[in-house]
Amino acid sequence: MTDPPADPKALVRSGYDRISEAYRADTFEIHGTWYATALAALEEHVRPGGRVLDLGCGCGVPVARHLAERFDVMGVDMSDHQIERARRLVPSATFIRADMTSVVFPDDVFDAVVSCWAIIHVPVEEQPALFDAIGRWLRPDGILLITAGGDAWTGIEEDWYGAPMYWSHREGAAYGAALRDRGFSVLEEWWIPEDDGGHAAFLARAPTPDGVGAR
């Protein structure tokens, strides 16, 4: 563990370019995993054919591939190699290479936004603006599914699947509070154990224009 780098995003991008296959194979069986539970919960609230944005989509496996069976999926990732693989592995979806904190979409365009194991690579000082942007991209009553940190920490793991990797996150409860502060209704909360810690995850509904439904 070391101090944060001068350019954390460059480290994340180069890291995933190097470790893409080591981190995720071309196939992944989601049955019995948290992915199966969370994606089934999301599907209960999103109409078939709806537009879904996968932020930090990686190689498209398993999230974009699973959702593309029912929805119109767009994936965003900053790693060139991850996007190359995603286009090959999930040809029915659309993928763009971009930084999720600077990519631009129209307001009210997505029925759902998903971001699994990705926001935790965004510097914490940039995360509030990202949540604001997600709120604009989602249609009223749209659905958000995210994984977040467990404990608060920012730093580098020097050898993660064979490359240095940068992480930045607040404690899990802070993400639930951030959603509620923006008028989201938290529908489900999960704790995903990992080694001696874990990650929080949330399924939330975006507010209507008058804010009805937020709690």
# chains A, B, ... in the order shown; residues from 1 in each chain; ligands from 1

$ residues_around --residues "range 195-212 of chain A" --least-positions-apart "2" --cutoff "9 Å" --atoms "only C-alpha atoms" --output "VMD selection string"
chain A and resid 38 41 to 42 45 112 116 135 138 to 151 171 to 173 175 to 176 179 to 180 182 to 193 214 to 215

$ closest_residue --among "A:Val104, A:Ile156, A:Leu67, A:Leu130" --to "Ala178 in chain A" --atoms "only C-alpha atoms"
A:Leu130

$ select_by_dssp --residues "range 1-207 of chain A" --states "helix (DSSP H, G or I)" --output "JSON, numbers by chain"
{"A": [8, 9, 10, 11, 12, 13, 14, 15, 16, 17, 18, 19, 20, 21, 22, 23, 34, 35, 36, 37, 38, 39, 40, 41, 42, 43, 63, 64, 65, 66, 67, 80, 81, 82, 83, 84, 85, 86, 87, 88, 89, 119, 120, 121, 124, 125, 126, 127, 128, 129, 130, 131, 132, 133, 134, 135, 136, 137, 172, 173, 174, 175, 176, 177, 178, 179, 180, 181]}

$ atom_distance --atom1 "CA of Ile83 in chain A" --atom2 "CA of Gly60 in chain A"
7.9 Å

$ residues_around --residues "Ala118 in chain A" --least-positions-apart "6" --cutoff "8 Å" --atoms "only C-alpha atoms" --output "PyMOL selection string"
chain A and resi 55-57+147

$ write_last_selection --atoms "C-alpha atoms" --output "PDB file, in the first residue's frame"
ATOM      1  CA  LEU A  55     -20.453   2.565 -16.048  1.00  0.00           C
ATOM      2  CA  GLY A  56     -17.065   0.917 -15.693  1.00  0.00           C
ATOM      3  CA  CYS A  57     -18.292  -2.003 -17.784  1.00  0.00           C
ATOM      4  CA  THR A 147     -21.286  -1.228  -5.499  1.00  0.00           C
TER       5      THR A 147
END

$ select_by_dssp --residues "range 1-210 of chain A" --states "strand (DSSP E or B)" --output "MDAnalysis selection string"
chainID A and resid 2 51:55 72:77 94:97 110:115 138:147 153:160 163:169 185:194 197:205

$ closest_residue --among "A:Val103, A:Leu11, A:Pro48, A:Val63" --to "Thr27 in chain A" --atoms "only C-alpha atoms"
A:Val63

$ residues_around --residues "Gly50 in chain A" --least-positions-apart "2" --cutoff "8 Å" --atoms "only C-alpha atoms" --output "ChimeraX atom specification"
/A:46-48,52,71-72,110-112

$ write_last_selection --atoms "N, CA and C atoms" --output "PDB file, in the first residue's frame"
ATOM      1  N   VAL A  46     -37.226  -2.448 -14.364  1.00  0.00           N
ATOM      2  CA  VAL A  46     -36.886  -1.850 -15.654  1.00  0.00           C
ATOM      3  C   VAL A  46     -37.634  -2.586 -16.760  1.00  0.00           C
ATOM      4  N   ARG A  47     -38.291  -1.829 -17.615  1.00  0.00           N
ATOM      5  CA  ARG A  47     -39.087  -2.440 -18.686  1.00  0.00           C
ATOM      6  C   ARG A  47     -38.176  -3.142 -19.686  1.00  0.00           C
ATOM      7  N   PRO A  48     -38.608  -4.274 -20.243  1.00  0.00           N
ATOM      8  CA  PRO A  48     -37.829  -4.932 -21.301  1.00  0.00           C
ATOM      9  C   PRO A  48     -37.561  -3.960 -22.445  1.00  0.00           C
ATOM     10  N   VAL A  52     -30.063   0.918 -20.691  1.00  0.00           N
ATOM     11  CA  VAL A  52     -29.268   0.712 -19.480  1.00  0.00           C
ATOM     12  C   VAL A  52     -27.829   1.141 -19.752  1.00  0.00           C
ATOM     13  N   PHE A  71     -32.206  -5.827 -22.488  1.00  0.00           N
ATOM     14  CA  PHE A  71     -32.221  -4.371 -22.535  1.00  0.00           C
ATOM     15  C   PHE A  71     -31.292  -3.845 -23.618  1.00  0.00           C
ATOM     16  N   ASP A  72     -31.444  -2.554 -23.905  1.00  0.00           N
ATOM     17  CA  ASP A  72     -30.558  -1.826 -24.818  1.00  0.00           C
ATOM     18  C   ASP A  72     -29.413  -1.277 -23.979  1.00  0.00           C
ATOM     19  N   PHE A 110     -31.641   7.407 -19.713  1.00  0.00           N
ATOM     20  CA  PHE A 110     -31.478   6.005 -19.351  1.00  0.00           C
ATOM     21  C   PHE A 110     -32.558   5.560 -18.363  1.00  0.00           C
ATOM     22  N   ASP A 111     -33.031   4.343 -18.557  1.00  0.00           N
ATOM     23  CA  ASP A 111     -33.971   3.742 -17.620  1.00  0.00           C
ATOM     24  C   ASP A 111     -33.256   3.179 -16.399  1.00  0.00           C
ATOM     25  N   ALA A 112     -31.978   2.848 -16.555  1.00  0.00           N
ATOM     26  CA  ALA A 112     -31.189   2.322 -15.433  1.00  0.00           C
ATOM     27  C   ALA A 112     -29.724   2.631 -15.663  1.00  0.00           C
TER      28      ALA A 112
END

$ residues_around --residues "Arg24 in chain A" --least-positions-apart "2" --cutoff "9 Å" --atoms "only C-alpha atoms" --output "MDAnalysis selection string"
chainID A and resid 19:22 26:28 58:59 61:62

$ write_last_selection --atoms "N, CA and C atoms" --output "PDB file, in the first residue's frame"
ATOM      1  N   ILE A  19      -4.283  -6.270 -17.000  1.00  0.00           N
ATOM      2  CA  ILE A  19      -4.777  -7.436 -16.246  1.00  0.00           C
ATOM      3  C   ILE A  19      -6.161  -7.893 -16.680  1.00  0.00           C
ATOM      4  N   SER A  20      -6.672  -7.374 -17.771  1.00  0.00           N
ATOM      5  CA  SER A  20      -8.054  -7.647 -18.153  1.00  0.00           C
ATOM      6  C   SER A  20      -8.396  -9.130 -18.098  1.00  0.00           C
ATOM      7  N   GLU A  21      -7.620  -9.964 -18.775  1.00  0.00           N
ATOM      8  CA  GLU A  21      -7.926 -11.404 -18.805  1.00  0.00           C
ATOM      9  C   GLU A  21      -7.693 -12.072 -17.458  1.00  0.00           C
ATOM     10  N   ALA A  22      -6.687 -11.610 -16.710  1.00  0.00           N
ATOM     11  CA  ALA A  22      -6.431 -12.203 -15.392  1.00  0.00           C
ATOM     12  C   ALA A  22      -7.578 -11.892 -14.428  1.00  0.00           C
ATOM     13  N   ASP A  26     -13.406 -14.791 -20.315  1.00  0.00           N
ATOM     14  CA  ASP A  26     -14.461 -14.520 -21.295  1.00  0.00           C
ATOM     15  C   ASP A  26     -15.826 -15.009 -20.833  1.00  0.00           C
ATOM     16  N   THR A  27     -15.850 -15.960 -19.933  1.00  0.00           N
ATOM     17  CA  THR A  27     -17.112 -16.498 -19.418  1.00  0.00           C
ATOM     18  C   THR A  27     -17.140 -16.340 -17.907  1.00  0.00           C
ATOM     19  N   PHE A  28     -18.362 -16.225 -17.377  1.00  0.00           N
ATOM     20  CA  PHE A  28     -18.542 -16.084 -15.932  1.00  0.00           C
ATOM     21  C   PHE A  28     -19.934 -16.590 -15.597  1.00  0.00           C
ATOM     22  N   GLY A  58     -15.949  -2.709 -17.895  1.00  0.00           N
ATOM     23  CA  GLY A  58     -14.917  -3.709 -18.070  1.00  0.00           C
ATOM     24  C   GLY A  58     -15.036  -4.412 -19.408  1.00  0.00           C
ATOM     25  N   CYS A  59     -14.825  -5.710 -19.401  1.00  0.00           N
ATOM     26  CA  CYS A  59     -14.893  -6.494 -20.646  1.00  0.00           C
ATOM     27  C   CYS A  59     -16.321  -6.881 -21.000  1.00  0.00           C
ATOM     28  N   VAL A  61     -18.375  -8.650 -19.181  1.00  0.00           N
ATOM     29  CA  VAL A  61     -18.765  -9.894 -18.516  1.00  0.00           C
ATOM     30  C   VAL A  61     -18.624  -9.700 -17.015  1.00  0.00           C
ATOM     31  N   PRO A  62     -19.659 -10.006 -16.240  1.00  0.00           N
ATOM     32  CA  PRO A  62     -20.928 -10.598 -16.664  1.00  0.00           C
ATOM     33  C   PRO A  62     -22.080  -9.604 -16.850  1.00  0.00           C
TER      34      PRO A  62
END

$ residues_around --residues "Ala133 in chain A" --least-positions-apart "6" --cutoff "9 Å" --atoms "only C-alpha atoms" --output "MDAnalysis selection string"
chainID A and resid 101 104:105 107

$ write_last_selection --atoms "C-alpha atoms" --output "tab-separated table (two decimals), in the first residue's frame"
chain	number	residue	atom	x	y	z
A	101	THR	CA	-16.49	11.40	-14.73
A	104	VAL	CA	-21.56	13.45	-21.54
A	105	PHE	CA	-25.11	12.15	-22.06
A	107	ASP	CA	-30.68	14.32	-19.42

$ atom_distance --atom1 "CA of Asp80 in chain A" --atom2 "CA of Ile96 in chain A"
9.2 Å
